[in-house]
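File shown: final-v7.txt. Contents: compact mmCIF, C-alpha atoms.
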# COMPACT_ATOMS: atom_id res chain seq x y z
CA GLU A 97 -168.49 -64.56 94.21
CA LYS A 98 -171.32 -62.83 92.37
CA TRP A 99 -169.59 -59.51 93.15
CA ARG A 100 -166.44 -60.54 91.27
CA SER A 101 -167.50 -58.96 87.97
CA PHE A 102 -168.89 -55.79 89.57
CA SER A 103 -167.35 -52.35 89.08
CA TYR A 104 -165.95 -50.68 92.19
CA PRO A 105 -169.05 -48.47 92.70
CA ALA A 106 -171.41 -51.43 92.28
CA LEU A 107 -169.43 -53.54 94.76
CA ALA A 108 -169.30 -50.64 97.23
CA VAL A 109 -173.08 -50.28 97.07
CA GLU A 110 -173.48 -53.97 97.92
CA VAL A 111 -171.17 -53.73 100.94
CA ILE A 112 -172.60 -50.46 102.28
CA SER A 113 -176.20 -51.64 101.80
CA LYS A 114 -175.56 -54.33 104.43
CA PHE A 115 -175.58 -51.47 106.95
CA VAL A 116 -177.72 -48.82 105.23
CA GLY A 117 -181.32 -49.87 104.61
CA ASP A 118 -183.84 -48.47 102.15
CA ASP A 119 -185.58 -46.74 105.05
CA GLN A 120 -182.41 -44.70 105.62
CA VAL A 121 -181.22 -44.15 102.06
CA PRO A 122 -183.30 -45.50 99.14
CA ARG A 123 -181.34 -47.92 96.97
CA ALA A 124 -181.40 -45.67 93.91
CA LYS A 125 -180.08 -42.74 95.95
CA LEU A 126 -177.38 -44.90 97.54
CA GLU A 127 -176.23 -45.94 94.06
CA ASP A 128 -176.20 -42.27 92.99
CA ILE A 129 -174.16 -41.17 96.04
CA VAL A 130 -171.57 -43.92 95.65
CA THR A 131 -171.29 -43.49 91.87
CA ARG A 132 -170.79 -39.73 92.12
CA SER A 133 -168.24 -40.19 94.90
CA CYS A 134 -166.22 -42.69 92.85
CA ALA A 135 -166.35 -40.39 89.81
CA ALA A 136 -164.01 -38.00 91.66
CA PHE A 137 -161.15 -40.48 91.21
CA ARG A 138 -158.68 -40.44 88.36
CA LYS A 139 -158.86 -44.21 87.79
CA GLU A 140 -161.97 -46.08 86.67
CA ASP A 141 -161.12 -48.86 89.15
CA VAL A 142 -160.98 -46.18 91.91
CA THR A 143 -158.41 -48.22 93.90
CA PRO A 144 -156.38 -50.31 91.42
CA VAL A 145 -154.41 -53.35 92.61
CA ILE A 146 -150.96 -53.69 91.02
CA ASP A 147 -148.07 -56.12 91.40
CA VAL A 148 -144.74 -54.92 92.82
CA GLY A 149 -142.02 -57.49 93.37
CA GLY A 150 -144.50 -60.29 93.84
CA HIS A 151 -146.65 -58.34 96.29
CA ALA A 152 -150.14 -57.05 95.53
CA ILE A 153 -150.24 -53.30 96.22
CA LEU A 154 -153.52 -51.43 96.60
CA GLU A 155 -153.25 -47.92 95.17
CA LEU A 156 -155.28 -45.56 97.34
CA PHE A 157 -153.90 -42.29 95.98
CA HIS A 158 -156.08 -41.61 92.94
CA GLY A 159 -158.56 -39.33 94.70
CA PRO A 160 -158.65 -35.51 94.71
CA THR A 161 -156.04 -35.11 97.50
CA PHE A 162 -153.96 -38.26 96.84
CA ALA A 163 -154.88 -39.58 100.33
CA PHE A 164 -156.42 -42.98 101.05
CA LYS A 165 -159.10 -41.14 103.01
CA ASP A 166 -160.58 -39.70 99.82
CA VAL A 167 -162.44 -43.00 99.34
CA ALA A 168 -164.46 -42.51 102.51
CA LEU A 169 -164.63 -38.73 102.62
CA GLN A 170 -165.97 -38.26 99.11
CA MET A 171 -168.82 -40.57 100.13
CA LEU A 172 -169.27 -38.94 103.53
CA GLY A 173 -169.64 -35.48 102.00
CA ASN A 174 -172.34 -36.70 99.64
CA PHE A 175 -174.13 -38.59 102.43
CA PHE A 176 -174.11 -35.44 104.58
CA GLU A 177 -175.56 -33.40 101.73
CA TYR A 178 -178.33 -35.95 101.12
CA PHE A 179 -179.40 -36.12 104.76
CA LEU A 180 -179.39 -32.33 105.13
CA GLU A 181 -181.40 -31.87 101.93
CA THR A 182 -184.01 -34.31 103.24
CA GLY A 183 -184.47 -32.37 106.48
CA SER A 184 -182.12 -34.07 108.94
CA ASN A 185 -180.52 -31.92 111.65
CA GLY A 186 -182.59 -28.92 110.64
CA GLY A 187 -180.70 -28.74 107.35
CA ARG A 188 -177.50 -27.52 109.03
CA LEU A 189 -174.28 -29.22 110.11
CA ALA A 190 -171.08 -27.86 111.66
CA VAL A 191 -168.35 -30.39 110.95
CA LEU A 192 -165.40 -30.34 113.32
CA GLY A 193 -162.34 -32.45 112.54
CA ALA A 194 -158.75 -32.95 113.63
CA THR A 195 -155.99 -33.89 111.24
CA SER A 196 -152.38 -34.97 111.16
CA GLY A 197 -152.46 -34.09 107.47
CA ASP A 198 -154.46 -36.33 105.17
CA THR A 199 -157.86 -36.31 106.92
CA GLY A 200 -158.07 -32.53 106.78
CA SER A 201 -157.45 -32.06 103.08
CA ALA A 202 -159.59 -35.09 102.15
CA ALA A 203 -162.45 -33.84 104.36
CA ILE A 204 -162.23 -30.37 102.88
CA TYR A 205 -162.36 -31.66 99.31
CA GLY A 206 -165.30 -33.86 100.25
CA LEU A 207 -167.24 -31.03 101.92
CA ARG A 208 -166.27 -27.89 100.01
CA GLY A 209 -169.33 -26.13 98.63
CA LYS A 210 -171.78 -28.58 100.24
CA LYS A 211 -175.09 -26.88 101.02
CA GLY A 212 -175.83 -26.58 104.73
CA VAL A 213 -172.34 -27.64 105.86
CA ASP A 214 -169.64 -25.61 107.61
CA CYS A 215 -166.32 -27.43 107.99
CA VAL A 216 -163.73 -26.56 110.64
CA ILE A 217 -160.44 -28.47 110.59
CA LEU A 218 -157.87 -28.33 113.41
CA TYR A 219 -154.27 -29.24 112.59
CA PRO A 220 -151.01 -29.11 114.61
CA HIS A 221 -148.82 -26.17 113.63
CA GLY A 222 -145.62 -27.29 111.93
CA ARG A 223 -146.57 -30.96 112.09
CA VAL A 224 -148.28 -31.54 108.74
CA SER A 225 -146.56 -31.72 105.38
CA GLU A 226 -146.30 -28.49 103.41
CA ILE A 227 -148.39 -29.79 100.51
CA GLN A 228 -151.16 -30.95 102.86
CA GLU A 229 -151.21 -27.60 104.63
CA ARG A 230 -151.54 -25.85 101.28
CA GLN A 231 -154.28 -28.26 100.20
CA MET A 232 -156.23 -27.24 103.31
CA THR A 233 -155.55 -23.53 103.54
CA THR A 234 -155.89 -22.52 99.88
CA VAL A 235 -159.45 -23.76 99.32
CA PRO A 236 -161.52 -20.59 98.72
CA ASP A 237 -164.99 -21.98 99.48
CA SER A 238 -166.74 -19.95 102.18
CA ASN A 239 -167.82 -23.02 104.17
CA ILE A 240 -164.23 -24.18 104.80
CA HIS A 241 -162.26 -23.01 107.87
CA CYS A 242 -158.77 -24.21 108.92
CA VAL A 243 -157.29 -23.58 112.38
CA SER A 244 -153.64 -24.15 113.26
CA ILE A 245 -153.16 -25.38 116.85
CA GLU A 246 -149.98 -25.17 118.93
CA GLY A 247 -149.35 -28.77 119.95
CA THR A 248 -149.70 -32.24 118.44
CA PHE A 249 -152.41 -34.11 116.58
CA ASP A 250 -153.47 -35.69 119.87
CA ASP A 251 -154.11 -32.17 121.24
CA CYS A 252 -156.31 -31.41 118.23
CA GLN A 253 -158.14 -34.71 118.62
CA ASP A 254 -158.71 -34.04 122.33
CA LEU A 255 -160.42 -30.74 121.43
CA VAL A 256 -162.70 -32.54 118.99
CA LYS A 257 -163.57 -35.28 121.50
CA ALA A 258 -164.27 -32.70 124.22
CA SER A 259 -166.59 -30.80 121.87
CA PHE A 260 -168.59 -33.94 121.12
CA ALA A 261 -168.71 -34.83 124.83
CA ASP A 262 -170.36 -31.46 125.61
CA LYS A 263 -173.99 -32.28 124.76
CA SER A 264 -175.34 -28.73 124.96
CA PHE A 265 -172.56 -27.36 122.73
CA ARG A 266 -172.92 -30.30 120.33
CA ASP A 267 -176.66 -29.72 119.98
CA ASP A 268 -176.44 -25.93 119.79
CA VAL A 269 -174.00 -25.86 116.88
CA LYS A 270 -175.35 -29.06 115.24
CA LEU A 271 -171.97 -30.73 115.41
CA GLY A 272 -170.91 -33.51 113.03
CA ALA A 273 -167.71 -35.52 112.57
CA VAL A 274 -165.41 -36.33 109.66
CA ASN A 275 -162.76 -38.13 111.66
CA SER A 276 -163.10 -41.89 111.77
CA ILE A 277 -165.09 -41.61 114.98
CA ASN A 278 -167.81 -41.26 112.31
CA TRP A 279 -168.84 -44.84 111.47
CA CYS A 280 -169.44 -43.94 107.82
CA ARG A 281 -165.69 -43.47 107.43
CA VAL A 282 -164.89 -46.98 108.58
CA LEU A 283 -167.79 -48.51 106.63
CA ALA A 284 -166.69 -46.89 103.37
CA GLN A 285 -163.15 -48.16 103.88
CA THR A 286 -164.30 -51.78 104.19
CA THR A 287 -165.23 -51.65 100.51
CA TYR A 288 -161.67 -51.74 99.23
CA TYR A 289 -160.83 -54.81 101.32
CA PHE A 290 -163.51 -56.70 99.41
CA TRP A 291 -162.29 -55.19 96.13
CA THR A 292 -158.68 -56.19 96.86
CA HIS A 293 -159.60 -59.77 97.77
CA LEU A 294 -161.46 -60.21 94.50
CA ARG A 295 -158.66 -58.72 92.38
CA VAL A 296 -155.93 -60.80 94.08
CA THR A 297 -157.92 -64.01 93.74
CA ASP A 298 -158.69 -63.15 90.11
CA LYS A 299 -154.97 -63.44 89.44
CA HIS A 300 -154.11 -66.18 91.91
CA LYS A 301 -156.81 -68.82 91.65
CA ASP A 302 -155.28 -70.97 94.39
CA VAL A 303 -155.34 -68.18 97.00
CA LYS A 304 -158.13 -68.54 99.55
CA THR A 305 -157.23 -65.85 102.09
CA VAL A 306 -155.45 -62.52 101.65
CA ASN A 307 -153.14 -60.90 104.20
CA TYR A 308 -153.17 -57.10 104.57
CA SER A 309 -150.31 -54.93 105.80
CA VAL A 310 -151.65 -51.46 106.59
CA PRO A 311 -149.75 -48.27 107.59
CA THR A 312 -151.50 -47.34 110.80
CA GLY A 313 -151.83 -44.21 112.93
CA ASN A 314 -155.40 -43.72 114.13
CA PHE A 315 -156.32 -47.40 113.57
CA GLY A 316 -159.34 -46.64 111.35
CA ASP A 317 -158.06 -48.12 108.09
CA ILE A 318 -157.00 -51.48 109.50
CA LEU A 319 -160.10 -51.56 111.70
CA ALA A 320 -162.12 -51.54 108.48
CA GLY A 321 -160.23 -54.69 107.52
CA TYR A 322 -161.07 -56.25 110.89
CA TYR A 323 -164.77 -55.54 110.32
CA ALA A 324 -164.57 -56.88 106.76
CA LYS A 325 -163.20 -60.10 108.23
CA ARG A 326 -166.01 -60.23 110.78
CA MET A 327 -168.45 -59.77 107.90
CA GLY A 328 -167.11 -62.98 106.38
CA LEU A 329 -164.37 -61.82 103.99
CA PRO A 330 -161.59 -64.46 103.92
CA VAL A 331 -158.92 -62.27 105.52
CA GLY A 332 -155.71 -63.92 106.71
CA LYS A 333 -153.35 -61.72 108.73
CA LEU A 334 -153.98 -58.05 109.51
CA ILE A 335 -150.57 -56.44 110.02
CA VAL A 336 -150.35 -53.13 111.87
CA ALA A 337 -147.43 -51.15 110.39
CA THR A 338 -146.36 -48.20 112.55
CA ASN A 339 -143.60 -45.62 112.52
CA GLU A 340 -141.61 -44.51 115.59
CA ASN A 341 -144.91 -43.68 117.32
CA ASP A 342 -145.46 -47.34 117.98
CA ILE A 343 -148.06 -47.52 120.77
CA LEU A 344 -150.06 -50.04 118.75
CA HIS A 345 -147.02 -52.25 118.09
CA ARG A 346 -146.22 -52.24 121.82
CA PHE A 347 -149.79 -53.28 122.60
CA PHE A 348 -149.90 -56.16 120.15
CA THR A 349 -146.47 -57.48 121.19
CA LYS A 350 -146.42 -56.76 124.93
CA GLY A 351 -150.01 -55.90 125.84
CA GLU A 352 -148.92 -52.36 126.76
CA TYR A 353 -151.02 -49.47 125.45
CA HIS A 354 -148.92 -46.85 127.23
CA ARG A 355 -148.94 -43.24 126.16
CA ARG A 356 -145.65 -41.51 125.32
CA ASP A 357 -144.69 -38.15 123.85
CA ILE A 358 -145.15 -37.99 120.07
CA ALA A 359 -142.00 -38.21 117.97
CA LYS A 360 -141.95 -35.90 114.95
CA THR A 361 -141.15 -37.99 111.85
CA ILE A 362 -141.07 -37.87 108.06
CA SER A 363 -144.50 -39.58 108.03
CA PRO A 364 -146.49 -36.97 109.99
CA SER A 365 -149.91 -38.44 109.17
CA MET A 366 -148.89 -41.38 111.37
CA ASP A 367 -147.51 -39.25 114.21
CA ILE A 368 -150.29 -40.24 116.60
CA CYS A 369 -149.99 -41.62 120.11
CA VAL A 370 -153.65 -42.15 121.03
CA SER A 371 -155.51 -43.99 118.26
CA SER A 372 -159.17 -43.04 118.58
CA ASN A 373 -160.46 -46.07 116.65
CA PHE A 374 -158.59 -48.40 118.98
CA GLU A 375 -161.43 -47.97 121.49
CA ARG A 376 -163.71 -49.75 119.01
CA TYR A 377 -161.39 -52.75 118.91
CA LEU A 378 -160.99 -52.75 122.69
CA PHE A 379 -164.77 -53.03 122.98
CA HIS A 380 -164.63 -56.31 121.08
CA LEU A 381 -161.54 -57.44 123.02
CA ALA A 382 -163.65 -56.88 126.15
CA ASN A 383 -166.26 -59.30 124.74
CA ASP A 384 -168.48 -56.36 123.72
CA ASP A 385 -168.79 -55.35 127.39
CA SER A 386 -169.09 -51.57 127.61
CA SER A 387 -168.46 -51.52 131.39
CA THR A 388 -165.07 -53.20 130.93
CA LEU A 389 -164.22 -50.79 128.12
CA LEU A 390 -165.22 -47.83 130.31
CA SER A 391 -162.97 -49.10 133.10
CA TRP A 392 -160.04 -49.46 130.71
CA MET A 393 -160.53 -45.98 129.24
CA ASP A 394 -160.95 -44.36 132.67
CA THR A 395 -157.67 -45.97 133.69
CA PHE A 396 -156.04 -44.70 130.50
CA GLU A 397 -157.30 -41.16 131.10
CA SER A 398 -155.89 -41.12 134.64
CA THR A 399 -152.64 -43.05 134.12
CA GLY A 400 -151.95 -43.02 130.39
CA LYS A 401 -151.80 -46.81 130.44
CA ILE A 402 -153.88 -49.84 129.50
CA SER A 403 -152.30 -53.25 130.03
CA VAL A 404 -153.59 -56.68 129.05
CA SER A 405 -152.05 -60.12 129.43
CA GLY A 406 -152.90 -63.80 129.26
CA LYS A 407 -155.96 -64.72 127.19
CA LYS A 408 -156.72 -61.11 126.24
CA LEU A 409 -153.23 -60.55 124.84
CA ALA A 410 -153.38 -63.89 123.04
CA GLN A 411 -156.70 -62.92 121.47
CA ALA A 412 -155.31 -59.54 120.35
CA GLN A 413 -152.27 -61.24 118.83
CA ASN A 414 -154.56 -63.66 117.01
CA ASP A 415 -156.47 -60.71 115.54
CA PHE A 416 -153.46 -58.58 114.56
CA LEU A 417 -149.73 -58.77 113.91
CA SER A 418 -147.57 -55.64 114.04
CA ALA A 419 -144.19 -54.22 113.09
CA PRO A 420 -142.57 -50.75 113.33
CA ALA A 421 -140.59 -49.01 110.60
CA GLY A 422 -138.32 -46.15 111.68
CA THR A 423 -136.99 -43.34 109.52
CA LYS A 424 -133.85 -45.22 108.45
CA LYS A 425 -135.85 -48.22 107.27
CA LYS A 426 -138.36 -46.01 105.45
CA LEU A 427 -135.61 -44.10 103.63
CA ALA A 428 -133.91 -47.37 102.72
CA THR A 429 -137.02 -48.71 101.03
How would this structure read if it were set down as structure tokens?
Amino acid sequence: EKWRSFSYPALAVEVISKFVGDDQVPRAKLEDIVTRSCAAFRKEDVTPVIDVGGHAILELFHGPTFAFKDVALQMLGNFFEYFLETGSNGGRLAVLGATSGDTGSAAIYGLRGKKGVDCVILYPHGRVSEIQERQMTTVPDSNIHCVSIEGTFDDCQDLVKASFADKSFRDDVKLGAVNSINWCRVLAQTTYYFWTHLRVTDKHKDVKTVNYSVPTGNFGDILAGYYAKRMGLPVGKLIVATNENDILHRFFTKGEYHRRDIAKTISPSMDICVSSNFERYLFHLANDDSSTLLSWMDTFESTGKISVSGKKLAQAQNDFLSAPAGTKKKLAT
């Protein structure tokens, strides 16, 4: 409750400081990083909450690239710069990322011109929106490099994961991540769940819990909501909203995380079949047992399938609801 009157940057500092101690980033520097990151947004509230037809809508498009990922990636770029300036990683970092559209441009605008950082973004040829491709490929800074890959986002993501799995390569090039496999991404995104709860309950004094419906591809954004709930935020339902690439909807309704070919849609940033952040949730579904998670992921790698039933499926359905929206429904609304 004492956070209710705080500005967005001040609230974000409080949330992030629960995970980032003074021995990692001094409080004054943390406040500076978050404040400068939030200053890149066109709205003072950073992520305003508005009312549309009786529903509270969180506006996440006021950053430099109009993507929700600007919130996290503006912060991530400034965190990277701080750690490199203070001697971490030998002062150098090669950032490798995969994008279905919005991560790439948001990462580039968060990292462009950062001292000690080279940024390489992989994206699937012909499968990102034209404006997002131009946002990525027209940035003139010498530390930014974009690579078009024949294939899908999952193919790009597989290349990134394989690079990080190769320890000698990872160490030689001083590899770093901007995709939400980087915990800083998820942590930064938890901040606007707290912000939204406070703004909704400002207006509706009788509301105790807030439900969140989140467009979901790689599972990072809604996972931040799951962690906010575990931190104690009074979250009601977390609703996974997918497009035709509905592997997550099939899991939460049938217990079937079964890989299929990716359908090309009018929402390309969500055209993802293997959601990398889903592994984090599966770890908790496995009662934080890494051996069970490893068994599930080995099975998925060999068969393209993970299946759960009984108590595990009931637990997953208690944690998340889900619903798909195809092209016809999207165009109708």
Item to check | Sphere at (-162.7, -36.6, 115.4), radius 6 Å, counting all atoms listed in the file: residues as a PyMOL selection string | outcome: chain A and resi 193-194+253+256+273+275+277
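Across A:Asp317, A:Asp214, A:Asp251, A:Asp147, the tightest approach to Gln285 in chain A is made by A:Asp317 when counting all atoms listed in the file.
With distances restricted to all atoms listed in the file, A:Leu283 is the closest residue to Ala324 in chain A from A:Leu218, A:Leu344, A:Thr195, A:Leu283.
If you count all atoms listed in the file and draw a sphere of 10 Å around (-157.8, -33.9, 105.6), the protein and nucleic acid residues inside it come out as Thr161, Ala163, Lys165, Asp166, Leu169, Gly193, Ala194, Thr195, Ser196, Gly197, Asp198, Thr199, Gly200, Ser201, Ala202, Ala203, Ile204, Tyr205, Gly206, Ile217, Leu218, Tyr219, Gln228, Glu229, Gln231, Met232, Val274, Asn275 and Ser365 of chain A.
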Checklist outcome for this item: Across A:Ile129, A:Gly222, A:Leu378, A:Glu140, the smallest distance to Glu177 in chain A, with only C-alpha atoms counted, is shown by A:Ile129
Checklist entry - With distances taken over only C-alpha atoms, which of A:Tyr289, A:Leu255, A:Arg223, A:Asp118 is nearest to Glu155 in chain A? => result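 Of the candidates, the smallest distance to Glu155 in chain A is held by A:Tyr289.
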Next on the checklist: Report, in Å to a single decimal, how far apart CA of Asn339 in chain A and CA of Asp384 in chain A are.
Outcome noted: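 If I compute the distance from CA of Asp384 in chain A to CA of Asn339 in chain A, I get 29.3 Å.
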Item to check | Asn341 in chain A surroundings by only C-alpha atoms, 8 Å radius, close-in-sequence under 6 positions cut, as a list in words | outcome: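 The filter keeps Ile358, Ala359, Met366, Asp367, Ile368 and Cys369 of chain A.
Of the residues listed (A:Ser238, A:Ser244, A:Gln411, A:Thr182), A:Ser244 shows the shortest atom-to-atom separation from Val224 in chain A; distances use all atoms listed in the file.
Here CA of Arg376 in chain A stands at a distance of 28.4 Å from CA of His158 in chain A.
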Item to check | 6 Å contact set for Lys401 in chain A, only C-alpha atoms, chain neighbours under 4 positions out, as an NGL selection string | outcome: :A and (353-354 or 396)
